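Peer 1: Structure provided below as structure tokens; questions to follow.
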Amino acid sequence: MTALERQFETGQAKAHYLALVLGALPEPDIVIRRELENDRDQPGRMRLAATYRRGTCRTRLHTIEVFRAHSLLEAWPSADKTHQVRIHLAHVGCPVIADACYGNGRGLYLSEIKSDYKFKTNASERPLIGRVALHAASLTFAHPATHGELTITAPWPKDFSIAIKYLKRFASAGGNMVP
């Protein structure tokens with residue numbers, strides 16, 4: 001195992017995600033502490049552990065902005081297990097948009113947020129964002145050779161930016177920015 005792999009294994013590497021979700025968190029800042037396990041009924045999927053255990057699998061969540069029916073959140077998983085952020089968000093009633101595994105799988109459509117949306121004749125509406133609306137914004141770890149802290153950031157994907165732009169324009173909840 002390489003030094004970099006060990007950082008991921010031990011939780012020393014820190015990931016930061018942005019998520020566009022349905023609904024809103026019960027509080028602007030929460031921490032979800034629930035272990036995950038393989039879903040024996042659906043191979044390739046994970047689920048909350050059958051027995052409640054408080055362990056190392058936790059996700060810290062912060063609300064950036066609340067819209068009428070959606071929210072933009074930040075997530076910092078401590079263990080970064082497969083699908084951890086998605087499962088924890090679904091657990092608190094805020095599934096990630098377009099997540100078919102842990103949510104309803106429906107993308108975000110302009111017709112859902114713009115009251116006077118005009119459908120085009122003989123054309124089906126394309127979603128503003130039709131994929132899982134989760135973005136790995138940054139990753140911080142110790143450089144394997146220099147041991148100095150290194151953070152790699154990724155710009156927002158175009159569809160993510162467009163979805164936020166239209167939510168701000170047509171689905172503002174008024175006074176919705178969370179400090």
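By order of appearance in the structure tokens: chains A, B, ..., then residues from 1 within every chain, and ligands from 1 in the order shown.
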Considering only C-alpha atoms, return as a ChimeraX atom specification whatever protein or nucleic-acid residues lie within 6 Å of Ile97 (chain A), sequence-local ones (same chain, fewer than 6 positions apart) excluded.

Peer 2: /A:21,107,132-133

Peer 1: Would you kindly return, as a list in words, each protein, DNA or RNA residue with an atom no farther than 9 Å from any atom of Lys81 (chain A), considering only C-alpha atoms and excluding same-chain residues fewer than 3 positions away?

Peer 2: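 Listing them by chain and then by number gives Leu36, Cys57, Pro77, Ser78, Gln84 and Val85 of chain A.
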
Peer 1: Provide the CA of Arg6 (chain A) to CA of Trp76 (chain A) distance in Å, to one decimal place.

Peer 2: 18.6 Å

Peer 1: Between CA of Leu20 (chain A) and CA of Leu72 (chain A), what is the spacing in Å?

Peer 2: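 These two atoms are separated by 4.7 Å.
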
Peer 1: Leaving out Arg68 (chain A) and any residue of its chain fewer than 4 positions from it, which residues lie within 8 Å of it when counting only C-alpha atoms, given as a list in words?

Peer 2: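 Near neighbours after the sequence-gap exclusion: Ala171, Ser172 and Ala173 of chain A.
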
Peer 1: What does the file look like for those residues with C-alpha atoms, as a compact mmCIF listing (two decimals), in the first residue's frame?

Peer 2:
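Okay, part17.txt is ready:
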```txt
# COMPACT_ATOMS: atom_id res chain seq x y z
CA ALA A 171 -36.85 29.38 -7.15
CA SER A 172 -35.41 31.78 -4.62
CA ALA A 173 -36.86 31.22 -1.18
```

Peer 1: Using DSSP secondary structure from the backbone, list all alpha helix (DSSP H) positions within region 17-165 of chain A, as number ranges by chain.

Peer 2: A: 84-91, 110-113, 158-165

Peer 1: Generate the output file for the selected residues, all heavy atoms, as a short mmCIF file (atom, residue, chain, number, x, y, z; two decimals), in the first residue's frame.

Peer 2:
```cif
data_model
loop_
_atom_site.label_atom_id
_atom_site.label_comp_id
_atom_site.auth_asym_id
_atom_site.auth_seq_id
_atom_site.Cartn_x
_atom_site.Cartn_y
_atom_site.Cartn_z
N GLN A 84 -21.24 7.20 0.49
CA GLN A 84 -21.50 7.69 1.84
C GLN A 84 -22.33 8.97 1.86
O GLN A 84 -23.33 9.05 2.56
CB GLN A 84 -20.18 7.92 2.57
CG GLN A 84 -20.35 8.51 3.97
CD GLN A 84 -19.03 8.70 4.67
OE1 GLN A 84 -18.07 7.98 4.41
NE2 GLN A 84 -18.95 9.66 5.57
N VAL A 85 -21.91 9.98 1.12
CA VAL A 85 -22.62 11.26 1.15
C VAL A 85 -24.04 11.07 0.63
O VAL A 85 -25.00 11.58 1.22
CB VAL A 85 -21.87 12.33 0.32
CG1 VAL A 85 -22.68 13.59 0.18
CG2 VAL A 85 -20.51 12.63 0.95
N ARG A 86 -24.21 10.34 -0.43
CA ARG A 86 -25.54 10.13 -1.02
C ARG A 86 -26.47 9.41 -0.06
O ARG A 86 -27.64 9.77 0.09
CB ARG A 86 -25.40 9.35 -2.32
CG ARG A 86 -24.66 10.14 -3.40
CD ARG A 86 -24.18 9.30 -4.55
NE ARG A 86 -25.23 8.56 -5.20
CZ ARG A 86 -25.00 7.57 -6.06
NH1 ARG A 86 -23.75 7.20 -6.35
NH2 ARG A 86 -26.00 6.93 -6.63
N ILE A 87 -25.97 8.38 0.61
CA ILE A 87 -26.80 7.62 1.55
C ILE A 87 -27.15 8.47 2.76
O ILE A 87 -28.29 8.50 3.22
CB ILE A 87 -26.09 6.32 1.99
CG1 ILE A 87 -25.94 5.39 0.79
CG2 ILE A 87 -26.85 5.64 3.12
CD1 ILE A 87 -25.01 4.23 1.05
N HIS A 88 -26.17 9.18 3.31
CA HIS A 88 -26.44 10.01 4.49
C HIS A 88 -27.44 11.12 4.17
O HIS A 88 -28.31 11.42 4.98
CB HIS A 88 -25.13 10.57 5.04
CG HIS A 88 -24.38 9.60 5.89
ND1 HIS A 88 -23.11 9.85 6.35
CD2 HIS A 88 -24.70 8.37 6.37
CE1 HIS A 88 -22.68 8.82 7.07
NE2 HIS A 88 -23.64 7.91 7.10
N LEU A 89 -27.33 11.73 2.98
CA LEU A 89 -28.29 12.77 2.60
C LEU A 89 -29.69 12.18 2.45
O LEU A 89 -30.67 12.76 2.91
CB LEU A 89 -27.85 13.48 1.32
CG LEU A 89 -26.72 14.48 1.52
CD1 LEU A 89 -26.11 14.89 0.19
CD2 LEU A 89 -27.21 15.70 2.28
N ALA A 90 -29.81 11.03 1.81
CA ALA A 90 -31.12 10.39 1.67
C ALA A 90 -31.69 10.05 3.04
O ALA A 90 -32.90 10.19 3.28
CB ALA A 90 -31.01 9.14 0.80
N HIS A 91 -30.83 9.63 3.96
CA HIS A 91 -31.25 9.26 5.32
C HIS A 91 -31.93 10.43 6.05
O HIS A 91 -32.87 10.23 6.81
CB HIS A 91 -30.05 8.76 6.11
CG HIS A 91 -30.32 8.50 7.55
ND1 HIS A 91 -31.18 7.52 7.98
CD2 HIS A 91 -29.85 9.11 8.67
CE1 HIS A 91 -31.23 7.54 9.31
NE2 HIS A 91 -30.43 8.49 9.74
N LEU A 110 -36.34 22.84 -15.77
CA LEU A 110 -36.70 24.25 -15.70
C LEU A 110 -38.20 24.42 -15.51
O LEU A 110 -38.65 25.29 -14.77
CB LEU A 110 -36.22 24.99 -16.95
CG LEU A 110 -36.39 26.50 -16.96
CD1 LEU A 110 -35.70 27.16 -15.77
CD2 LEU A 110 -35.84 27.08 -18.27
N SER A 111 -39.00 23.56 -16.12
CA SER A 111 -40.46 23.65 -16.00
C SER A 111 -40.93 23.48 -14.55
O SER A 111 -42.01 23.93 -14.19
CB SER A 111 -41.14 22.62 -16.89
OG SER A 111 -40.78 21.31 -16.51
N GLU A 112 -40.13 22.83 -13.70
CA GLU A 112 -40.50 22.63 -12.31
C GLU A 112 -40.25 23.86 -11.45
O GLU A 112 -40.82 24.00 -10.38
CB GLU A 112 -39.71 21.45 -11.72
CG GLU A 112 -40.03 20.13 -12.35
CD GLU A 112 -39.11 19.03 -11.86
OE1 GLU A 112 -38.09 19.30 -11.20
OE2 GLU A 112 -39.41 17.86 -12.16
N ILE A 113 -39.36 24.74 -11.92
CA ILE A 113 -39.01 25.89 -11.08
C ILE A 113 -39.43 27.23 -11.68
O ILE A 113 -39.49 28.22 -10.97
CB ILE A 113 -37.49 25.90 -10.76
CG1 ILE A 113 -36.65 25.98 -12.03
CG2 ILE A 113 -37.12 24.69 -9.91
CD1 ILE A 113 -35.16 26.13 -11.78
N LYS A 158 -20.42 22.57 -15.82
CA LYS A 158 -21.32 23.52 -16.46
C LYS A 158 -22.78 23.27 -16.08
O LYS A 158 -23.51 24.20 -15.75
CB LYS A 158 -21.15 23.46 -17.98
CG LYS A 158 -21.95 24.48 -18.72
CD LYS A 158 -21.67 24.44 -20.22
CE LYS A 158 -22.47 25.51 -20.93
NZ LYS A 158 -22.22 25.48 -22.36
N ASP A 159 -23.23 22.01 -16.09
CA ASP A 159 -24.63 21.73 -15.77
C ASP A 159 -24.96 22.08 -14.32
O ASP A 159 -26.05 22.56 -14.02
CB ASP A 159 -25.01 20.28 -16.08
CG ASP A 159 -24.20 19.24 -15.33
OD1 ASP A 159 -23.18 19.57 -14.69
OD2 ASP A 159 -24.59 18.05 -15.41
N PHE A 160 -24.01 21.91 -13.43
CA PHE A 160 -24.20 22.25 -12.02
C PHE A 160 -24.37 23.78 -11.88
O PHE A 160 -25.27 24.26 -11.22
CB PHE A 160 -22.98 21.76 -11.22
CG PHE A 160 -23.22 21.56 -9.75
CD1 PHE A 160 -23.64 20.33 -9.27
CD2 PHE A 160 -23.00 22.58 -8.85
CE1 PHE A 160 -23.84 20.13 -7.91
CE2 PHE A 160 -23.19 22.39 -7.50
CZ PHE A 160 -23.62 21.16 -7.02
N SER A 161 -23.49 24.52 -12.54
CA SER A 161 -23.57 25.99 -12.51
C SER A 161 -24.87 26.50 -13.09
O SER A 161 -25.49 27.42 -12.54
CB SER A 161 -22.41 26.60 -13.29
OG SER A 161 -21.18 26.28 -12.70
N ILE A 162 -25.30 25.92 -14.21
CA ILE A 162 -26.55 26.34 -14.84
C ILE A 162 -27.74 26.05 -13.93
O ILE A 162 -28.64 26.89 -13.77
CB ILE A 162 -26.70 25.67 -16.22
CG1 ILE A 162 -25.69 26.28 -17.19
CG2 ILE A 162 -28.13 25.81 -16.75
CD1 ILE A 162 -25.57 25.53 -18.50
N ALA A 163 -27.76 24.89 -13.31
CA ALA A 163 -28.86 24.54 -12.41
C ALA A 163 -28.94 25.54 -11.25
O ALA A 163 -30.03 26.02 -10.91
CB ALA A 163 -28.68 23.11 -11.88
N ILE A 164 -27.81 25.89 -10.66
CA ILE A 164 -27.80 26.86 -9.55
C ILE A 164 -28.25 28.23 -10.05
O ILE A 164 -29.04 28.92 -9.39
CB ILE A 164 -26.40 26.95 -8.91
CG1 ILE A 164 -26.00 25.61 -8.28
CG2 ILE A 164 -26.34 28.08 -7.88
CD1 ILE A 164 -26.90 25.12 -7.18
N LYS A 165 -27.80 28.63 -11.22
CA LYS A 165 -28.19 29.93 -11.79
C LYS A 165 -29.72 30.02 -11.92
O LYS A 165 -30.32 31.02 -11.51
CB LYS A 165 -27.53 30.11 -13.15
CG LYS A 165 -27.94 31.38 -13.88
CD LYS A 165 -27.21 31.50 -15.21
CE LYS A 165 -28.20 31.48 -16.33
NZ LYS A 165 -27.57 31.64 -17.64
#
```

Peer 1: Between A:Ala15, A:Ala136, A:Ile152, A:Ala24, which residue has the minimum interatomic distance to Glu65 (chain A), considering only C-alpha atoms?

Peer 2: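 So, comparing all the options, the nearest one is A:Ala24.
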
Peer 1: For a test of reading the model, state the distance in Å between CA of Tyr117 (chain A) and CA of Ile129 (chain A), rounded to one decimal.

Peer 2: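 Between CA of Tyr117 (chain A) and CA of Ile129 (chain A) the gap is 16.7 Å.
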
Peer 1: DSSP on the backbone, strand (DSSP E) only: what residues of region 24-154 of chain A does that give? Format it as number ranges by chain.

Peer 2: A: 29-33, 36-38, 46-48, 58-67, 70-77, 134-142, 149-153

Peer 1: Give me, as a PyMOL selection string, all polymer residues having an atom no more than 12 Å from Ser115 (chain A), counting only C-alpha atoms and skipping those fewer than 6 positions away in the same chain.

Peer 2: chain A and resi 109+169-171

Peer 1: Since we have the selection now, will you write its residues out, keeping all heavy atoms, as a CSV table (one decimal), in the first residue's frame?

Peer 2:
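Saved the output as out_10.csv:
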```csv
chain,number,residue,atom,x,y,z
A,109,TYR,N,-35.6,20.0,-13.8
A,109,TYR,CA,-36.2,20.6,-15.0
A,109,TYR,C,-36.6,22.0,-14.8
A,109,TYR,O,-37.2,22.4,-13.7
A,109,TYR,CB,-37.4,19.8,-15.5
A,109,TYR,CG,-37.0,18.4,-15.9
A,109,TYR,CD1,-36.9,17.3,-15.0
A,109,TYR,CD2,-36.8,18.1,-17.3
A,109,TYR,CE1,-36.5,16.1,-15.5
A,109,TYR,CE2,-36.5,16.9,-17.7
A,109,TYR,CZ,-36.3,15.9,-16.8
A,109,TYR,OH,-35.9,14.6,-17.3
A,169,ARG,N,-32.6,32.3,-9.9
A,169,ARG,CA,-33.4,33.2,-10.6
A,169,ARG,C,-34.9,32.9,-10.4
A,169,ARG,O,-35.7,33.8,-10.3
A,169,ARG,CB,-33.1,33.1,-12.1
A,169,ARG,CG,-33.9,34.1,-12.9
A,169,ARG,CD,-33.6,34.1,-14.4
A,169,ARG,NE,-32.2,34.5,-14.6
A,169,ARG,CZ,-31.5,34.4,-15.7
A,169,ARG,NH1,-32.0,33.8,-16.7
A,169,ARG,NH2,-30.2,34.8,-15.8
A,170,PHE,N,-35.3,31.6,-10.4
A,170,PHE,CA,-36.7,31.3,-10.5
A,170,PHE,C,-37.2,30.6,-9.2
A,170,PHE,O,-38.5,30.4,-9.1
A,170,PHE,CB,-37.0,30.4,-11.7
A,170,PHE,CG,-36.7,31.1,-13.0
A,170,PHE,CD1,-35.7,30.5,-13.8
A,170,PHE,CD2,-37.4,32.2,-13.4
A,170,PHE,CE1,-35.4,31.1,-15.0
A,170,PHE,CE2,-37.1,32.8,-14.6
A,170,PHE,CZ,-36.1,32.3,-15.4
A,171,ALA,N,-36.4,30.1,-8.3
A,171,ALA,CA,-36.9,29.4,-7.2
A,171,ALA,C,-36.3,29.9,-5.8
A,171,ALA,O,-36.2,29.2,-4.9
A,171,ALA,CB,-36.5,27.9,-7.3
```

Peer 1: Considering only C-alpha atoms, can you say which of A:Ser71, A:Thr146, A:Asn104, A:Gln42 comes closest to Ala19 (chain A)?

Peer 2: A:Ser71
